[in-house]
Amino acid sequence: CRDRGLRELLDVALSIEESLEVVADLVSNYLHMPAIDGGTPHLECHPLDLAELAAKVVERYRLYAAQKGITVECHGRSPLLLADRRPLARVLGNLLSNAIKYTRGPGRVTITCGGDETHGTLAVADTGYGLTPDDLGRLFTKHARFHRDRNIPGTGLGLFICREIVRAHGGEIVVASERGRGSTFTVRLPVRGPGTEPVRRRDAA
């Protein structure tokens with residue numbers, strides 16, 4: 001009985017965690033809109049390890065994913081970038097939250113970091129519902145919603161915000177998806193921040 005009670009408490013805690021993540025995403029997206037609508041977001045660029053940032057963002061979503069029976073993996077390395085940490089954390093959070101929301105458990109979400117001397121990359125791949133070619137045409141527009149029949153909460157702003165933040169960094173975000181087979185969103189960012197000098201590694205003289 002005690003073990004059963006503990007399991008029930010854990011289920012309640014995970015349910016609360018999921019609800020809080022959803023609310024946090026909704027609020028954060030709305031708070032970002034004034035800056036986006038005002039033009040190119042102001043960036044404060046500093047040396048940033050994209051893989052390290054991804055690993056930290058992933059930890060925030062592990063309980064949410066576990067409740068749905070979804071395994072989240074994060075691996076790879078990326079070059080050091082000149083970028084703004086806070087808006088890029090928003091991008092990673094939106095992509096990861098979407099991947100979990102639109103994947104039925106048991107499932108898997110994989111974040112892969114990489115890059116070369118000129119660009120850092122981050123790919124978020126899921127085994128979720130996927131998208132049709134018609135869906136892809138409006139994917140990054142304001143208030144675009146998908147799979148409405150599944151009653152998945154959201155504002156339809158997350159991917160629009162992601163694209164604008166990535167563009168402000170001089171990068172691009174692309175997607176490959178197939179209905180019923182999942183999606184992969186790939187972010188590609190220049191090692192140099194917009195209008196900056198080449199980044200020096202922490203161990204550079």
# chains A, B, ... in the order shown; residues from 1 in each chain; ligands from 1
$ closest_atom_pairs --of "stretch 102-121 of chain A" --to "stretch 62-75 of chain A" --cutoff "6 Å" --atoms "only C-alpha atoms" --output "JSON lines"
{"residue": "A:Gly105", "atom": "CA", "partner": "A:Gly69", "partner_atom": "CA", "distance": 4.6}
{"residue": "A:Pro106", "atom": "CA", "partner": "A:Gly69", "partner_atom": "CA", "distance": 4.7}
{"residue": "A:Gly107", "atom": "CA", "partner": "A:Ile70", "partner_atom": "CA", "distance": 4.6}
{"residue": "A:Arg108", "atom": "CA", "partner": "A:Thr71", "partner_atom": "CA", "distance": 4.7}
{"residue": "A:Val109", "atom": "CA", "partner": "A:Val72", "partner_atom": "CA", "distance": 4.8}
{"residue": "A:Thr110", "atom": "CA", "partner": "A:Glu73", "partner_atom": "CA", "distance": 4.8}
{"residue": "A:Ile111", "atom": "CA", "partner": "A:Cys74", "partner_atom": "CA", "distance": 4.6}
{"residue": "A:Thr112", "atom": "CA", "partner": "A:His75", "partner_atom": "CA", "distance": 5.3}
$ write_last_selection --atoms "N, CA, C and O atoms" --output "mmCIF file, in the first residue's frame"
data_model
loop_
_atom_site.group_PDB
_atom_site.id
_atom_site.type_symbol
_atom_site.label_atom_id
_atom_site.label_comp_id
_atom_site.auth_asym_id
_atom_site.auth_seq_id
_atom_site.Cartn_x
_atom_site.Cartn_y
_atom_site.Cartn_z
ATOM 1 N N GLY A 105 4.141 8.414 -26.307
ATOM 2 C CA GLY A 105 4.995 7.424 -25.669
ATOM 3 C C GLY A 105 4.508 6.008 -25.946
ATOM 4 O O GLY A 105 3.312 5.795 -26.180
ATOM 5 N N PRO A 106 5.397 5.021 -25.918
ATOM 6 C CA PRO A 106 6.833 5.213 -25.754
ATOM 7 C C PRO A 106 7.451 5.831 -27.016
ATOM 8 O O PRO A 106 7.074 5.485 -28.131
ATOM 9 N N GLY A 107 8.354 6.767 -26.804
ATOM 10 C CA GLY A 107 8.979 7.444 -27.923
ATOM 11 C C GLY A 107 10.360 7.928 -27.551
ATOM 12 O O GLY A 107 10.865 7.658 -26.451
ATOM 13 N N ARG A 108 10.955 8.685 -28.454
ATOM 14 C CA ARG A 108 12.334 9.129 -28.230
ATOM 15 C C ARG A 108 12.539 10.512 -28.846
ATOM 16 O O ARG A 108 12.038 10.802 -29.937
ATOM 17 N N VAL A 109 13.269 11.352 -28.122
ATOM 18 C CA VAL A 109 13.707 12.650 -28.634
ATOM 19 C C VAL A 109 15.220 12.697 -28.510
ATOM 20 O O VAL A 109 15.767 12.426 -27.432
ATOM 21 N N THR A 110 15.890 13.032 -29.592
ATOM 22 C CA THR A 110 17.349 13.042 -29.608
ATOM 23 C C THR A 110 17.855 14.419 -30.019
ATOM 24 O O THR A 110 17.462 14.937 -31.070
ATOM 25 N N ILE A 111 18.716 14.994 -29.187
ATOM 26 C CA ILE A 111 19.349 16.283 -29.488
ATOM 27 C C ILE A 111 20.799 16.015 -29.841
ATOM 28 O O ILE A 111 21.540 15.422 -29.043
ATOM 29 N N THR A 112 21.204 16.440 -31.022
ATOM 30 C CA THR A 112 22.561 16.192 -31.498
ATOM 31 C C THR A 112 23.247 17.514 -31.814
ATOM 32 O O THR A 112 22.734 18.309 -32.610
#
$ atom_distance --atom1 "atom CA of A:Gly120" --atom2 "atom CA of A:Ser78"
5.6 Å
$ select_by_dssp --residues "stretch 72-101 of chain A" --states "alpha helix (DSSP H)" --output "PyMOL selection string"
chain A and resi 85-101
$ write_last_selection --atoms "C-alpha atoms" --output "tab-separated table (two decimals), in the first residue's frame"
chain	number	residue	atom	x	y	z
A	85	ARG	CA	22.53	32.58	-24.17
A	86	ARG	CA	19.03	33.52	-22.99
A	87	PRO	CA	17.20	33.71	-26.33
A	88	LEU	CA	18.98	30.59	-27.58
A	89	ALA	CA	17.84	28.75	-24.44
A	90	ARG	CA	14.32	29.85	-25.43
A	91	VAL	CA	14.84	28.33	-28.89
A	92	LEU	CA	16.05	25.03	-27.44
A	93	GLY	CA	13.23	24.98	-24.90
A	94	ASN	CA	10.59	25.57	-27.58
A	95	LEU	CA	11.98	22.88	-29.87
A	96	LEU	CA	12.34	20.34	-27.08
A	97	SER	CA	8.92	21.11	-25.61
A	98	ASN	CA	7.31	20.69	-29.03
A	99	ALA	CA	9.14	17.44	-29.67
A	100	ILE	CA	7.81	16.00	-26.41
A	101	LYS	CA	4.28	17.38	-26.85
$ atom_distance --atom1 "atom CA of A:Leu122" --atom2 "atom CA of A:Thr184"
10.1 Å
$ select_by_dssp --residues "stretch 26-194 of chain A" --states "strand (DSSP E or B)" --output "short mmCIF file (atom, residue, chain, number, x, y, z; two decimals) with N, CA, C and O atoms, in the first residue's frame"
data_model
loop_
_atom_site.label_atom_id
_atom_site.label_comp_id
_atom_site.auth_asym_id
_atom_site.auth_seq_id
_atom_site.Cartn_x
_atom_site.Cartn_y
_atom_site.Cartn_z
N HIS A 46 28.09 36.61 -26.20
CA HIS A 46 29.26 36.20 -25.42
C HIS A 46 29.64 34.79 -25.86
O HIS A 46 28.84 34.08 -26.47
N PRO A 47 30.86 34.35 -25.55
CA PRO A 47 31.23 32.96 -25.88
C PRO A 47 30.24 31.97 -25.28
O PRO A 47 29.88 32.06 -24.11
N LEU A 48 29.78 31.04 -26.10
CA LEU A 48 28.75 30.11 -25.68
C LEU A 48 29.04 28.71 -26.22
O LEU A 48 29.29 28.53 -27.41
N ASP A 49 28.99 27.74 -25.32
CA ASP A 49 29.09 26.33 -25.69
C ASP A 49 27.67 25.82 -25.92
O ASP A 49 26.91 25.60 -24.97
N ILE A 70 8.71 8.99 -22.72
CA ILE A 70 9.61 9.43 -23.79
C ILE A 70 11.03 9.54 -23.25
O ILE A 70 11.27 10.16 -22.22
N THR A 71 11.96 8.93 -23.95
CA THR A 71 13.38 9.00 -23.60
C THR A 71 14.01 10.19 -24.31
O THR A 71 13.81 10.40 -25.51
N VAL A 72 14.75 11.00 -23.56
CA VAL A 72 15.43 12.15 -24.13
C VAL A 72 16.94 11.94 -24.05
O VAL A 72 17.49 11.65 -22.98
N GLU A 73 17.60 12.05 -25.19
CA GLU A 73 19.05 11.88 -25.26
C GLU A 73 19.68 13.16 -25.81
O GLU A 73 19.10 13.82 -26.66
N CYS A 74 20.86 13.47 -25.31
CA CYS A 74 21.59 14.65 -25.78
C CYS A 74 23.06 14.28 -25.92
O CYS A 74 23.67 13.81 -24.96
N HIS A 75 23.61 14.47 -27.10
CA HIS A 75 25.02 14.12 -27.29
C HIS A 75 25.65 15.00 -28.37
O HIS A 75 24.97 15.76 -29.05
N GLY A 76 26.96 14.87 -28.50
CA GLY A 76 27.71 15.64 -29.49
C GLY A 76 28.43 16.82 -28.88
O GLY A 76 28.26 17.15 -27.70
N LEU A 80 32.77 26.69 -30.07
CA LEU A 80 32.37 27.82 -29.24
C LEU A 80 31.80 28.92 -30.13
O LEU A 80 32.40 29.28 -31.15
N LEU A 81 30.64 29.45 -29.77
CA LEU A 81 29.98 30.49 -30.55
C LEU A 81 30.02 31.82 -29.83
O LEU A 81 30.18 31.88 -28.62
N LEU A 82 29.83 32.89 -30.59
CA LEU A 82 29.50 34.19 -29.99
C LEU A 82 28.00 34.34 -30.16
O LEU A 82 27.50 34.53 -31.28
N ALA A 83 27.26 34.23 -29.08
CA ALA A 83 25.80 34.22 -29.16
C ALA A 83 25.20 34.67 -27.84
O ALA A 83 25.91 34.78 -26.83
N GLY A 107 8.35 6.77 -26.80
CA GLY A 107 8.98 7.44 -27.92
C GLY A 107 10.36 7.93 -27.55
O GLY A 107 10.87 7.66 -26.45
N ARG A 108 10.95 8.69 -28.45
CA ARG A 108 12.33 9.13 -28.23
C ARG A 108 12.54 10.51 -28.85
O ARG A 108 12.04 10.80 -29.94
N VAL A 109 13.27 11.35 -28.12
CA VAL A 109 13.71 12.65 -28.63
C VAL A 109 15.22 12.70 -28.51
O VAL A 109 15.77 12.43 -27.43
N THR A 110 15.89 13.03 -29.59
CA THR A 110 17.35 13.04 -29.61
C THR A 110 17.86 14.42 -30.02
O THR A 110 17.46 14.94 -31.07
N ILE A 111 18.72 14.99 -29.19
CA ILE A 111 19.35 16.28 -29.49
C ILE A 111 20.80 16.02 -29.84
O ILE A 111 21.54 15.42 -29.04
N THR A 112 21.20 16.44 -31.02
CA THR A 112 22.56 16.19 -31.50
C THR A 112 23.25 17.51 -31.81
O THR A 112 22.73 18.31 -32.61
N CYS A 113 24.39 17.75 -31.18
CA CYS A 113 25.16 18.98 -31.41
C CYS A 113 26.36 18.67 -32.30
O CYS A 113 26.93 17.58 -32.23
N GLY A 114 26.74 19.63 -33.11
CA GLY A 114 27.88 19.44 -34.00
C GLY A 114 28.34 20.77 -34.56
O GLY A 114 28.00 21.84 -34.03
N GLY A 115 29.09 20.72 -35.65
CA GLY A 115 29.56 21.94 -36.28
C GLY A 115 30.98 21.83 -36.78
O GLY A 115 31.60 20.76 -36.73
N HIS A 119 30.47 27.15 -38.32
CA HIS A 119 29.10 27.07 -37.82
C HIS A 119 28.96 26.01 -36.73
O HIS A 119 29.65 24.99 -36.74
N GLY A 120 28.03 26.28 -35.81
CA GLY A 120 27.60 25.27 -34.85
C GLY A 120 26.21 24.81 -35.24
O GLY A 120 25.41 25.59 -35.77
N THR A 121 25.91 23.55 -35.00
CA THR A 121 24.59 23.01 -35.35
C THR A 121 23.97 22.28 -34.17
O THR A 121 24.67 21.74 -33.31
N LEU A 122 22.65 22.28 -34.16
CA LEU A 122 21.91 21.55 -33.16
C LEU A 122 20.66 20.98 -33.83
O LEU A 122 19.90 21.73 -34.44
N ALA A 123 20.47 19.68 -33.72
CA ALA A 123 19.32 19.02 -34.32
C ALA A 123 18.47 18.39 -33.23
O ALA A 123 18.99 17.71 -32.35
N VAL A 124 17.16 18.62 -33.29
CA VAL A 124 16.20 18.02 -32.37
C VAL A 124 15.31 17.08 -33.18
O VAL A 124 14.49 17.54 -33.98
N ALA A 125 15.49 15.78 -32.97
CA ALA A 125 14.75 14.77 -33.72
C ALA A 125 13.79 14.03 -32.80
O ALA A 125 14.15 13.70 -31.67
N ASP A 126 12.58 13.77 -33.28
CA ASP A 126 11.61 13.04 -32.47
C ASP A 126 10.98 11.91 -33.29
O ASP A 126 11.13 11.85 -34.50
N GLU A 172 20.09 29.91 -39.42
CA GLU A 172 18.89 29.41 -40.07
C GLU A 172 18.36 28.20 -39.32
O GLU A 172 19.12 27.51 -38.62
N ILE A 173 17.06 27.96 -39.47
CA ILE A 173 16.44 26.78 -38.88
C ILE A 173 15.63 26.09 -39.98
O ILE A 173 14.87 26.74 -40.69
N VAL A 174 15.85 24.80 -40.14
CA VAL A 174 15.17 24.03 -41.18
C VAL A 174 14.54 22.80 -40.54
O VAL A 174 14.91 22.39 -39.43
N VAL A 175 13.59 22.19 -41.26
CA VAL A 175 12.91 21.02 -40.73
C VAL A 175 12.75 19.97 -41.81
O VAL A 175 12.54 20.30 -42.98
N ALA A 176 12.88 18.73 -41.40
CA ALA A 176 12.55 17.58 -42.24
C ALA A 176 11.53 16.76 -41.47
O ALA A 176 11.73 16.46 -40.30
N SER A 177 10.41 16.43 -42.11
CA SER A 177 9.34 15.75 -41.39
C SER A 177 8.51 14.90 -42.34
O SER A 177 8.37 15.22 -43.52
N GLU A 178 7.94 13.85 -41.79
CA GLU A 178 7.03 12.98 -42.54
C GLU A 178 5.91 12.56 -41.60
O GLU A 178 6.16 12.14 -40.47
N GLY A 182 7.74 11.27 -37.54
CA GLY A 182 8.53 12.19 -36.73
C GLY A 182 9.10 13.36 -37.51
O GLY A 182 8.92 13.48 -38.73
N SER A 183 9.80 14.23 -36.78
CA SER A 183 10.37 15.45 -37.35
C SER A 183 11.78 15.67 -36.82
O SER A 183 12.12 15.24 -35.72
N THR A 184 12.58 16.39 -37.61
CA THR A 184 13.89 16.82 -37.17
C THR A 184 14.05 18.30 -37.49
O THR A 184 13.99 18.70 -38.66
N PHE A 185 14.24 19.10 -36.44
CA PHE A 185 14.50 20.53 -36.60
C PHE A 185 15.99 20.76 -36.41
O PHE A 185 16.56 20.34 -35.40
N THR A 186 16.62 21.43 -37.37
CA THR A 186 18.05 21.68 -37.31
C THR A 186 18.33 23.18 -37.29
O THR A 186 17.87 23.91 -38.17
N VAL A 187 19.06 23.61 -36.29
CA VAL A 187 19.47 25.01 -36.14
C VAL A 187 20.95 25.11 -36.52
O VAL A 187 21.78 24.32 -36.04
N ARG A 188 21.27 26.07 -37.39
CA ARG A 188 22.65 26.28 -37.83
C ARG A 188 23.02 27.73 -37.52
O ARG A 188 22.37 28.66 -37.99
N LEU A 189 24.06 27.92 -36.69
CA LEU A 189 24.45 29.24 -36.22
C LEU A 189 25.90 29.53 -36.57
O LEU A 189 26.76 28.63 -36.43
N PRO A 190 26.21 30.75 -37.00
CA PRO A 190 27.61 31.08 -37.29
C PRO A 190 28.44 31.12 -36.01
O PRO A 190 27.94 31.53 -34.95
#
$ closest_residue --among "A:Arg179, A:Leu157, A:Thr118, A:Thr103" --to "A:Leu131" --atoms "only C-alpha atoms"
A:Arg179
$ atom_distance --atom1 "atom CA of A:Cys162" --atom2 "atom CA of A:Gly180"
23.5 Å
$ residues_around --residues "A:Leu43" --least-positions-apart "4" --cutoff "8 Å" --atoms "only C-alpha atoms" --output "list in words"
Ala83, Asp84, Ala168 and His169 of chain A
$ write_last_selection --atoms "N, CA and C atoms" --output "short mmCIF file (atom, residue, chain, number, x, y, z; two decimals), in the first residue's frame"
data_model
loop_
_atom_site.label_atom_id
_atom_site.label_comp_id
_atom_site.auth_asym_id
_atom_site.auth_seq_id
_atom_site.Cartn_x
_atom_site.Cartn_y
_atom_site.Cartn_z
N ALA A 83 27.26 34.23 -29.08
CA ALA A 83 25.80 34.22 -29.16
C ALA A 83 25.20 34.67 -27.84
N ASP A 84 23.90 34.93 -27.86
CA ASP A 84 23.19 35.35 -26.67
C ASP A 84 22.53 34.13 -26.03
N ALA A 168 18.19 36.43 -36.11
CA ALA A 168 18.89 37.55 -35.49
C ALA A 168 20.35 37.22 -35.23
N HIS A 169 20.64 35.94 -35.03
CA HIS A 169 22.02 35.48 -34.83
C HIS A 169 22.74 35.23 -36.16
#
